[in-house]
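J.: See start-v4.cif below, with mmCIF, C-alpha atoms and all ligand atoms.
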data_structure
loop_
_atom_site.group_PDB
_atom_site.id
_atom_site.type_symbol
_atom_site.label_atom_id
_atom_site.label_comp_id
_atom_site.auth_asym_id
_atom_site.auth_seq_id
_atom_site.Cartn_x
_atom_site.Cartn_y
_atom_site.Cartn_z
ATOM 1 C CA MET A 1 35.903 104.666 97.306
ATOM 2 C CA ARG A 2 35.771 100.950 96.584
ATOM 3 C CA LYS A 3 38.587 98.717 97.811
ATOM 4 C CA LYS A 4 41.028 97.078 95.469
ATOM 5 C CA ILE A 5 41.762 93.446 96.228
ATOM 6 C CA VAL A 6 44.200 90.818 95.066
ATOM 7 C CA ALA A 7 43.107 87.380 96.263
ATOM 8 C CA GLY A 8 45.196 84.235 95.836
ATOM 9 C CA ASN A 9 43.264 81.016 95.287
ATOM 10 C CA TRP A 10 45.698 78.224 96.062
ATOM 11 C CA LYS A 11 43.138 75.569 95.068
ATOM 12 C CA MET A 12 44.200 72.015 96.093
ATOM 13 C CA ASN A 13 47.934 72.674 96.216
ATOM 14 C CA LYS A 14 50.847 72.630 98.683
ATOM 15 C CA THR A 15 51.861 70.318 101.506
ATOM 16 C CA MET A 16 51.665 71.680 105.030
ATOM 17 C CA SER A 17 55.325 72.698 105.139
ATOM 18 C CA GLU A 18 55.182 74.225 101.650
ATOM 19 C CA ALA A 19 52.091 76.166 102.681
ATOM 20 C CA GLU A 20 53.830 77.476 105.784
ATOM 21 C CA LEU A 21 56.810 78.591 103.722
ATOM 22 C CA LEU A 22 54.639 80.334 101.129
ATOM 23 C CA LEU A 23 52.607 82.114 103.810
ATOM 24 C CA THR A 24 55.719 83.431 105.520
ATOM 25 C CA GLU A 25 57.306 84.465 102.221
ATOM 26 C CA ILE A 26 54.195 86.442 101.294
ATOM 27 C CA ALA A 27 53.911 87.924 104.788
ATOM 28 C CA ASP A 28 57.564 89.058 104.686
ATOM 29 C CA ALA A 29 57.243 90.515 101.201
ATOM 30 C CA LEU A 30 54.087 92.400 102.161
ATOM 31 C CA ASP A 31 55.992 94.092 104.992
ATOM 32 C CA ASP A 32 57.796 96.134 102.352
ATOM 33 C CA VAL A 33 54.699 97.134 100.395
ATOM 34 C CA GLU A 34 52.441 100.113 100.983
ATOM 35 C CA LEU A 35 48.866 99.100 100.166
ATOM 36 C CA ASP A 36 46.712 102.108 99.418
ATOM 37 C CA ASN A 37 42.997 101.352 99.862
ATOM 38 C CA ALA A 38 43.798 97.767 98.903
ATOM 39 C CA GLU A 39 43.711 94.352 100.530
ATOM 40 C CA VAL A 40 45.460 91.060 99.918
ATOM 41 C CA VAL A 41 43.524 87.863 100.612
ATOM 42 C CA ILE A 42 45.085 84.397 100.762
ATOM 43 C CA CYS A 43 42.770 81.430 100.224
ATOM 44 C CA PRO A 44 44.617 78.215 101.122
ATOM 45 C CA PRO A 45 43.089 74.736 101.378
ATOM 46 C CA ALA A 46 40.806 74.425 104.426
ATOM 47 C CA LEU A 47 43.342 72.342 106.353
ATOM 48 C CA TYR A 48 45.735 75.282 106.408
ATOM 49 C CA LEU A 49 43.248 78.003 107.345
ATOM 50 C CA GLU A 50 44.248 78.014 111.002
ATOM 51 C CA MET A 51 47.918 78.282 110.143
ATOM 52 C CA ALA A 52 47.100 81.077 107.703
ATOM 53 C CA THR A 53 45.061 83.079 110.214
ATOM 54 C CA ASP A 54 47.904 82.690 112.738
ATOM 55 C CA VAL A 55 50.391 84.138 110.254
ATOM 56 C CA ALA A 56 47.887 86.810 109.180
ATOM 57 C CA GLU A 57 47.608 88.140 112.734
ATOM 58 C CA GLU A 58 51.070 89.633 112.355
ATOM 59 C CA ALA A 59 50.900 90.271 108.626
ATOM 60 C CA ASN A 60 49.221 92.528 106.117
ATOM 61 C CA PHE A 61 46.821 90.054 104.541
ATOM 62 C CA TYR A 62 43.413 88.548 105.189
ATOM 63 C CA VAL A 63 42.510 84.893 104.964
ATOM 64 C CA GLY A 64 39.778 83.436 102.807
ATOM 65 C CA ALA A 65 38.339 79.940 102.495
ATOM 66 C CA GLN A 66 37.758 78.286 99.133
ATOM 67 C CA ASN A 67 34.392 76.788 99.978
ATOM 68 C CA VAL A 68 31.703 76.549 102.642
ATOM 69 C CA TYR A 69 28.420 74.769 103.334
ATOM 70 C CA PRO A 70 25.413 77.058 103.948
ATOM 71 C CA GLU A 71 24.351 75.694 107.370
ATOM 72 C CA ASP A 72 25.987 76.696 110.659
ATOM 73 C CA SER A 73 26.139 73.130 112.034
ATOM 74 C CA GLY A 74 24.564 69.712 111.676
ATOM 75 C CA ALA A 75 24.839 66.328 109.989
ATOM 76 C CA PHE A 76 26.750 67.363 106.863
ATOM 77 C CA THR A 77 29.721 65.001 106.875
ATOM 78 C CA GLY A 78 32.879 66.492 105.467
ATOM 79 C CA GLU A 79 31.608 70.055 105.277
ATOM 80 C CA ILE A 80 32.754 73.277 106.932
ATOM 81 C CA SER A 81 30.302 75.903 108.135
ATOM 82 C CA PRO A 82 30.303 79.697 107.885
ATOM 83 C CA MET A 83 30.195 79.833 111.681
ATOM 84 C CA MET A 84 33.415 77.792 111.849
ATOM 85 C CA LEU A 85 35.072 80.145 109.374
ATOM 86 C CA LYS A 86 34.050 83.151 111.433
ATOM 87 C CA ASN A 87 35.342 81.430 114.554
ATOM 88 C CA MET A 88 38.729 80.952 112.890
ATOM 89 C CA LYS A 89 38.905 84.633 111.910
ATOM 90 C CA VAL A 90 38.497 83.844 108.247
ATOM 91 C CA ALA A 91 37.382 87.084 106.619
ATOM 92 C CA TYR A 92 36.458 85.970 103.092
ATOM 93 C CA CYS A 93 35.190 82.889 101.301
ATOM 94 C CA ILE A 94 35.280 82.138 97.585
ATOM 95 C CA ILE A 95 32.010 80.722 96.334
ATOM 96 C CA GLY A 96 30.724 79.755 92.935
ATOM 97 C CA HIS A 97 34.133 79.069 91.473
ATOM 98 C CA SER A 98 33.725 77.417 88.073
ATOM 99 C CA GLU A 99 35.516 74.304 89.317
ATOM 100 C CA ARG A 100 32.881 73.873 92.012
ATOM 101 C CA ARG A 101 30.082 74.596 89.561
ATOM 102 C CA LYS A 102 31.536 72.006 87.171
ATOM 103 C CA TYR A 103 32.824 69.181 89.396
ATOM 104 C CA PHE A 104 30.340 69.538 92.263
ATOM 105 C CA SER A 105 27.306 70.700 90.293
ATOM 106 C CA GLU A 106 26.792 73.802 92.407
ATOM 107 C CA SER A 107 23.735 75.704 91.205
ATOM 108 C CA ASN A 108 22.965 79.408 91.381
ATOM 109 C CA GLU A 109 20.291 78.572 93.947
ATOM 110 C CA PHE A 110 22.686 76.626 96.208
ATOM 111 C CA LEU A 111 25.161 79.504 95.972
ATOM 112 C CA MET A 112 22.427 81.867 97.110
ATOM 113 C CA CYS A 113 22.179 79.792 100.312
ATOM 114 C CA LYS A 114 25.950 79.935 100.762
ATOM 115 C CA VAL A 115 25.898 83.717 100.362
ATOM 116 C CA ASP A 116 23.253 83.968 103.083
ATOM 117 C CA GLY A 117 25.153 81.646 105.446
ATOM 118 C CA LEU A 118 28.362 83.612 105.024
ATOM 119 C CA LEU A 119 26.811 87.048 105.430
ATOM 120 C CA LYS A 120 24.941 85.926 108.545
ATOM 121 C CA ASN A 121 28.368 85.196 110.009
ATOM 122 C CA ASN A 122 30.074 88.298 108.697
ATOM 123 C CA VAL A 123 32.322 86.417 106.299
ATOM 124 C CA ARG A 124 32.553 88.267 102.984
ATOM 125 C CA PRO A 125 31.711 86.190 99.912
ATOM 126 C CA ILE A 126 33.960 86.431 96.864
ATOM 127 C CA PHE A 127 31.306 85.424 94.379
ATOM 128 C CA CYS A 128 32.652 84.006 91.113
ATOM 129 C CA CYS A 129 30.763 84.216 87.861
ATOM 130 C CA GLY A 130 31.697 83.709 84.234
ATOM 131 C CA GLU A 131 30.801 82.005 81.007
ATOM 132 C CA VAL A 132 32.258 78.880 79.375
ATOM 133 C CA LEU A 133 33.728 79.127 75.888
ATOM 134 C CA PRO A 134 30.700 77.859 73.914
ATOM 135 C CA GLU A 135 28.553 80.451 75.704
ATOM 136 C CA ARG A 136 30.927 83.238 74.679
ATOM 137 C CA GLU A 137 31.137 81.930 71.144
ATOM 138 C CA ALA A 138 27.337 81.937 70.990
ATOM 139 C CA GLY A 139 27.291 85.541 72.215
ATOM 140 C CA ARG A 140 25.532 84.503 75.425
ATOM 141 C CA HIS A 141 28.207 85.624 77.922
ATOM 142 C CA PHE A 142 26.344 88.684 79.177
ATOM 143 C CA ALA A 143 23.123 86.710 79.650
ATOM 144 C CA VAL A 144 24.940 83.909 81.527
ATOM 145 C CA VAL A 145 26.703 86.265 83.919
ATOM 146 C CA LYS A 146 23.504 88.263 84.453
ATOM 147 C CA GLN A 147 21.642 85.104 85.444
ATOM 148 C CA GLN A 148 24.419 83.969 87.806
ATOM 149 C CA VAL A 149 24.560 87.335 89.542
ATOM 150 C CA GLU A 150 20.790 87.806 89.710
ATOM 151 C CA GLU A 151 19.953 84.308 90.922
ATOM 152 C CA SER A 152 22.625 84.098 93.627
ATOM 153 C CA LEU A 153 22.928 87.690 94.843
ATOM 154 C CA PHE A 154 19.976 89.875 93.965
ATOM 155 C CA HIS A 155 17.739 88.538 96.736
ATOM 156 C CA LEU A 156 19.988 90.462 99.153
ATOM 157 C CA GLY A 157 19.072 93.792 100.668
ATOM 158 C CA GLN A 158 21.360 96.737 100.049
ATOM 159 C CA ASP A 159 23.414 96.459 103.267
ATOM 160 C CA PRO A 160 24.271 92.759 102.982
ATOM 161 C CA PHE A 161 24.946 93.155 99.263
ATOM 162 C CA ALA A 162 27.508 95.844 100.054
ATOM 163 C CA LYS A 163 29.682 93.154 101.729
ATOM 164 C CA VAL A 164 29.905 91.017 98.576
ATOM 165 C CA VAL A 165 32.967 90.977 96.333
ATOM 166 C CA ILE A 166 32.394 89.787 92.766
ATOM 167 C CA ALA A 167 34.983 87.986 90.665
ATOM 168 C CA TYR A 168 34.395 87.769 86.934
ATOM 169 C CA GLU A 169 36.243 84.697 85.744
ATOM 170 C CA PRO A 170 35.652 83.650 82.144
ATOM 171 C CA VAL A 171 35.961 79.883 82.432
ATOM 172 C CA TRP A 172 37.942 79.643 79.189
ATOM 173 C CA ALA A 173 40.640 81.800 80.775
ATOM 174 C CA ILE A 174 41.052 79.827 84.008
ATOM 175 C CA GLY A 175 44.301 77.880 84.126
ATOM 176 C CA THR A 176 44.609 78.018 80.336
ATOM 177 C CA GLY A 177 47.135 80.802 79.842
ATOM 178 C CA VAL A 178 44.537 82.539 77.657
ATOM 179 C CA THR A 179 43.678 85.768 79.456
ATOM 180 C CA ALA A 180 40.665 87.873 78.584
ATOM 181 C CA SER A 181 41.772 91.009 76.768
ATOM 182 C CA LYS A 182 41.578 94.216 78.757
ATOM 183 C CA GLU A 183 38.615 95.226 76.586
ATOM 184 C CA GLN A 184 36.775 91.950 77.241
ATOM 185 C CA ALA A 185 37.382 92.273 80.979
ATOM 186 C CA GLN A 186 36.356 95.922 81.097
ATOM 187 C CA GLU A 187 33.137 95.467 79.131
ATOM 188 C CA MET A 188 31.961 92.606 81.363
ATOM 189 C CA HIS A 189 32.941 94.424 84.564
ATOM 190 C CA ALA A 190 31.093 97.533 83.384
ATOM 191 C CA PHE A 191 28.090 95.363 82.547
ATOM 192 C CA ILE A 192 28.086 93.779 86.028
ATOM 193 C CA ARG A 193 28.407 97.211 87.638
ATOM 194 C CA GLN A 194 25.503 98.445 85.547
ATOM 195 C CA LEU A 195 23.354 95.502 86.711
ATOM 196 C CA ILE A 196 24.194 96.345 90.309
ATOM 197 C CA GLY A 197 23.385 99.984 89.674
ATOM 198 C CA GLU A 198 19.964 99.143 88.260
ATOM 199 C CA LYS A 199 19.180 96.972 91.284
ATOM 200 C CA TYR A 200 20.862 98.805 94.180
ATOM 201 C CA GLY A 201 21.618 102.281 92.873
ATOM 202 C CA ALA A 202 24.725 104.077 91.635
ATOM 203 C CA GLU A 203 26.380 104.449 95.036
ATOM 204 C CA VAL A 204 26.324 100.720 95.843
ATOM 205 C CA ALA A 205 27.453 99.905 92.303
ATOM 206 C CA GLY A 206 30.316 102.364 92.572
ATOM 207 C CA ASN A 207 31.420 100.859 95.871
ATOM 208 C CA THR A 208 31.348 97.211 94.767
ATOM 209 C CA THR A 209 34.724 95.566 94.216
ATOM 210 C CA ILE A 210 34.757 93.528 91.001
ATOM 211 C CA LEU A 211 37.823 91.332 90.456
ATOM 212 C CA TYR A 212 39.061 89.737 87.268
ATOM 213 C CA GLY A 213 40.246 86.109 87.319
ATOM 214 C CA GLY A 214 41.642 83.798 84.676
ATOM 215 C CA SER A 215 45.339 83.476 83.773
ATOM 216 C CA CYS A 216 46.114 86.804 85.386
ATOM 217 C CA ASN A 217 49.877 86.959 85.915
ATOM 218 C CA GLY A 218 52.798 89.244 86.630
ATOM 219 C CA LYS A 219 52.943 90.353 83.014
ATOM 220 C CA ASN A 220 49.305 91.175 82.275
ATOM 221 C CA ALA A 221 48.038 92.302 85.708
ATOM 222 C CA ARG A 222 48.894 95.968 85.310
ATOM 223 C CA GLU A 223 47.059 96.287 82.018
ATOM 224 C CA LEU A 224 43.966 94.490 83.357
ATOM 225 C CA PHE A 225 43.945 96.430 86.633
ATOM 226 C CA SER A 226 44.245 99.725 84.770
ATOM 227 C CA GLN A 227 40.733 99.287 83.393
ATOM 228 C CA PRO A 228 38.247 101.576 85.158
ATOM 229 C CA ASP A 229 35.931 98.789 86.345
ATOM 230 C CA VAL A 230 38.578 96.167 87.177
ATOM 231 C CA ASP A 231 39.339 96.443 90.891
ATOM 232 C CA GLY A 232 41.982 93.741 91.220
ATOM 233 C CA GLY A 233 42.204 90.032 90.631
ATOM 234 C CA LEU A 234 41.460 86.524 91.796
ATOM 235 C CA ILE A 235 44.685 84.716 91.079
ATOM 236 C CA GLY A 236 45.125 80.961 90.788
ATOM 237 C CA GLY A 237 48.405 79.543 89.481
ATOM 238 C CA ALA A 238 50.405 82.743 89.881
ATOM 239 C CA SER A 239 49.439 83.037 93.566
ATOM 240 C CA LEU A 240 51.588 79.977 94.296
ATOM 241 C CA LYS A 241 54.749 81.810 93.215
ATOM 242 C CA PRO A 242 55.585 84.489 95.781
ATOM 243 C CA ASP A 243 57.605 86.740 93.461
ATOM 244 C CA GLU A 244 54.963 86.745 90.774
ATOM 245 C CA PHE A 245 52.143 87.136 93.286
ATOM 246 C CA MET A 246 53.900 90.198 94.703
ATOM 247 C CA GLN A 247 54.339 91.564 91.189
ATOM 248 C CA ILE A 248 50.569 91.249 90.726
ATOM 249 C CA ILE A 249 49.893 92.965 94.053
ATOM 250 C CA THR A 250 52.149 95.860 93.188
ATOM 251 C CA SER A 251 50.313 96.223 89.859
ATOM 252 C CA LEU A 252 47.191 97.400 91.725
HETATM 253 P P1 LIG A 301 44.266 80.943 87.198
HETATM 254 O O1 LIG A 301 42.993 80.624 88.121
HETATM 255 O O2 LIG A 301 44.816 82.272 87.654
HETATM 256 O O3 LIG A 301 45.219 79.808 87.452
HETATM 257 O O4 LIG A 301 43.775 80.987 85.792
HETATM 258 C C1 LIG A 301 42.126 81.632 88.522
HETATM 259 C C2 LIG A 301 41.044 81.044 89.383
HETATM 260 O O5 LIG A 301 40.654 79.896 89.144
HETATM 261 O O6 LIG A 301 40.553 81.699 90.315
#
So, in terms of structure tokens, how does the structure I just supplied come out?
Ligand code: PGA

T.:
Amino acid sequence: MRKKIVAGNWKMNKTMSEAELLLTEIADALDDVELDNAEVVICPPALYLEMATDVAEEANFYVGAQNVYPEDSGAFTGEISPMMLKNMKVAYCIIGHSERRKYFSESNEFLMCKVDGLLKNNVRPIFCCGEVLPEREAGRHFAVVKQQVEESLFHLGQDPFAKVVIAYEPVWAIGTGVTASKEQAQEMHAFIRQLIGEKYGAEVAGNTTILYGGSCNGKNARELFSQPDVDGGLIGGASLKPDEFMQIITSL
């Protein structure tokens, strides 16, 4: 049975002391929660990854990075490698987030290299895909997501692919307060699962965790997560508020 996941993407937020407080608040709150076939992943800024993995050792969450460079080492000033993440006991890494696609011009092809670098080091990619508003309005959302998934992931063999988590994040829903309806989320998740099924077979498709992201909050999480192909969420703004983040987790 596929795992359910709630992952918190802190983006570029929190001072060191605020981050420490938030990590301990989440760790304490998770002590009182029974997670059934589910995982919580916290993705803080890179500077706080070590602190997060220290807290995670005694807590019921995994740590994810928000970005990575594909190579293991070398002259890539300012970058962090998959090998370094593995070394720091970072279990997951978000890639292909729409903010990175937009502000850092990350292409499907470059993301393919990141996927390979992560999997080589046993760090699980949380691969984000999703259309911008004009693409949805033009009825191109399925084609856009298909291309993103195919060009960055479908070179993988079945075993490495099985380690990938997918996050469908319609860009028009990210940070806007406009959430996709449960029907919109479900139909895209079912579409992605169908693509996976055609490429890797029904078993792999059935075991792939597909998260929804985009203005998911304490109020709408339960409805979104109740959809048959929605296996949890990638949470931005609401992951910075411990009470609301816990409400989302307990909506799984
Ligand atoms: P949001 O962000 O929950 O603040 O909309 C989601 C994301 O960017 O992953």

J.: How would you write, as number ranges by chain, the residues chosen by the PyMOL selection byres (((chain A and resi 83-94) around 8) and not hetatm) on this structure?

T.: A: 41, 43, 49-50, 53, 62-68, 72-73, 80-82, 95-97, 118, 121-128

J.: Applied to this file, what does the PyMOL selection byres (((not hetatm)) within 6 of (chain A and resi 301)) return in terms of residues, put as a compact mmCIF listing (two decimals) with C-alpha atoms, in the coordinates of the input?

T.:
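What ended up in out_29.txt:
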# COMPACT_ATOMS: atom_id res chain seq x y z
CA ASN A 9 43.26 81.02 95.29
CA ALA A 173 40.64 81.80 80.78
CA ILE A 174 41.05 79.83 84.01
CA GLY A 175 44.30 77.88 84.13
CA GLY A 213 40.25 86.11 87.32
CA GLY A 214 41.64 83.80 84.68
CA SER A 215 45.34 83.48 83.77
CA CYS A 216 46.11 86.80 85.39
CA LEU A 234 41.46 86.52 91.80
CA ILE A 235 44.68 84.72 91.08
CA GLY A 236 45.12 80.96 90.79
CA GLY A 237 48.40 79.54 89.48

J.: Would you kindly return, as number ranges by chain, each protein, DNA or RNA residue with an atom no farther than 10 Å from any atom of A:Ala27, considering all atoms listed in the file and excluding same-chain residues fewer than 2 positions away?

T.: A: 21-25, 29-32, 55-56, 58-61, 242

J.: I'd like the contact shell of stretch 139-145 of chain A - 10 Å cut-off, all atoms listed in the file, skipping same-chain residues fewer than 6 positions apart - returned as an NGL selection string.

T.: :A and (128-133 or 151 or 168-170 or 187-188 or 191-192)

J.: Find the axis-aligned box for stretch 240-244 of chain A, covering all its listed atoms and adding 6 Å on each side, and write its centre and edge lengths in Å to one decimal as AutoDock Vina command-line options.

T.:
--center_x 54.6 --center_y 83.4 --center_z 93.3 --size_x 18.0 --size_y 18.8 --size_z 17.0

J.: On this structure, which residues satisfy the PyMOL selection byres (((chain A and resi 248) around 9) and not hetatm), written as a ChimeraX atom specification?

T.: /A:6,216-222,232-233,235,238-239,243-247,249-252

J.: Please indicate the distance in Å from atom CA of A:Ile196 to atom CA of A:Gln184, rounded to one decimal place.

T.: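 A separation of 18.7 Å between them.
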
J.: Neighbouring residues of A:Lys11 were defined as those with any atom within 7 Å, considering all atoms listed in the file; residues of the same chain fewer than 2 positions away were excluded. Please report them as a list of chain:residue names.

T.: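 Everything that qualifies: A:Asn9, A:Asn13, A:Pro44, A:Pro45.
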
J.: Under the rule that all atoms listed in the file are counted, which of A:Trp10, A:Tyr69, A:Tyr212, A:Trp172 is the nearest residue to A:Ala190?

T.: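 Selected residue with least distance to A:Ala190: A:Tyr212.
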
J.: Extract, using all atoms listed in the file, all DNA, RNA and protein residues at most 7 Å from A:Gly117, discarding same-chain residues fewer than 2 positions from it, and format them as a ChimeraX atom specification.

T.: /A:70-71,82,113-115,119-121

J.: Please compute the atom CA of A:Ala19-atom CA of A:Glu34 distance, one decimal, in Å.

T.: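 Answer for the atom CA of A:Ala19 to atom CA of A:Glu34 separation: 24.0 Å.
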
J.: Determine the nearest neighbour of A:Glu39 from the options A:Thr209, A:Thr176, A:Arg101, A:Ser107, counting all atoms listed in the file.

T.: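 So, comparing all the options, the nearest one is A:Thr209.
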
J.: Quote the spacing between atom CA of A:Gln148 and atom CA of A:Met12 in Å to one decimal place.

T.: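 Computing it gives 24.6 Å between the two atoms.
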
J.: Enumerate, as a list in words, the protein, DNA and RNA residues whose atoms approach (36.4, 97.6, 88.3) to within 7 Å, taking into account all atoms listed in the file and the coordinate frame of the file.

T.: His189, Thr209, Ile210, Leu211, Gln227, Pro228, Asp229, Val230 and Asp231 of chain A

J.: Go ahead and write the selection's residues with C-alpha atoms as a PDB file, in the frame of the given file.

T.:
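The resulting again01.pdb:
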ATOM      1  CA  HIS A 189      32.941  94.424  84.564  1.00  0.00           C
ATOM      2  CA  THR A 209      34.724  95.566  94.216  1.00  0.00           C
ATOM      3  CA  ILE A 210      34.757  93.528  91.001  1.00  0.00           C
ATOM      4  CA  LEU A 211      37.823  91.332  90.456  1.00  0.00           C
ATOM      5  CA  GLN A 227      40.733  99.287  83.393  1.00  0.00           C
ATOM      6  CA  PRO A 228      38.247 101.576  85.158  1.00  0.00           C
ATOM      7  CA  ASP A 229      35.931  98.789  86.345  1.00  0.00           C
ATOM      8  CA  VAL A 230      38.578  96.167  87.177  1.00  0.00           C
ATOM      9  CA  ASP A 231      39.339  96.443  90.891  1.00  0.00           C
TER      10      ASP A 231
END

J.: Using all atoms listed in the file, which of the listed residues (A:Phe161, A:Phe76, A:Phe104, A:Phe225) sits closest to A:Tyr200?

T.: A:Phe161

J.: What does stretch 44-59 of chain A look like written to a file with N, CA and C atoms, as a short mmCIF file (atom, residue, chain, number, x, y, z; two decimals), in the first residue's frame?

T.:
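Below you can see part_25.cif, which holds the result:
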data_model
loop_
_atom_site.label_atom_id
_atom_site.label_comp_id
_atom_site.auth_asym_id
_atom_site.auth_seq_id
_atom_site.Cartn_x
_atom_site.Cartn_y
_atom_site.Cartn_z
N PRO A 44 13.32 22.45 5.56
CA PRO A 44 13.71 23.80 5.96
C PRO A 44 14.74 24.35 4.97
N PRO A 45 15.11 25.62 5.09
CA PRO A 45 16.22 26.13 4.28
C PRO A 45 17.48 25.30 4.54
N ALA A 46 18.36 25.24 3.55
CA ALA A 46 19.55 24.37 3.63
C ALA A 46 20.39 24.62 4.87
N LEU A 47 20.46 25.89 5.30
CA LEU A 47 21.29 26.21 6.47
C LEU A 47 20.83 25.49 7.73
N TYR A 48 19.57 25.12 7.77
CA TYR A 48 19.02 24.51 8.98
C TYR A 48 18.87 22.98 8.86
N LEU A 49 19.39 22.42 7.78
CA LEU A 49 19.19 20.97 7.58
C LEU A 49 19.84 20.16 8.70
N GLU A 50 21.03 20.59 9.11
CA GLU A 50 21.73 19.81 10.14
C GLU A 50 20.95 19.85 11.46
N MET A 51 20.49 21.04 11.79
CA MET A 51 19.69 21.18 13.01
C MET A 51 18.44 20.29 12.90
N ALA A 52 17.83 20.31 11.73
CA ALA A 52 16.60 19.53 11.53
C ALA A 52 16.87 18.03 11.64
N THR A 53 17.97 17.56 11.06
CA THR A 53 18.23 16.11 11.15
C THR A 53 18.59 15.73 12.58
N ASP A 54 19.21 16.65 13.33
CA ASP A 54 19.47 16.37 14.76
C ASP A 54 18.16 16.19 15.52
N VAL A 55 17.23 17.11 15.31
CA VAL A 55 15.93 17.01 15.99
C VAL A 55 15.20 15.74 15.52
N ALA A 56 15.29 15.46 14.22
CA ALA A 56 14.55 14.33 13.65
C ALA A 56 15.01 12.99 14.21
N GLU A 57 16.26 12.93 14.67
CA GLU A 57 16.76 11.66 15.21
C GLU A 57 15.90 11.15 16.35
N GLU A 58 15.37 12.09 17.11
CA GLU A 58 14.54 11.72 18.27
C GLU A 58 13.05 11.96 18.00
N ALA A 59 12.71 12.24 16.77
CA ALA A 59 11.32 12.65 16.50
C ALA A 59 10.74 11.83 15.34
#
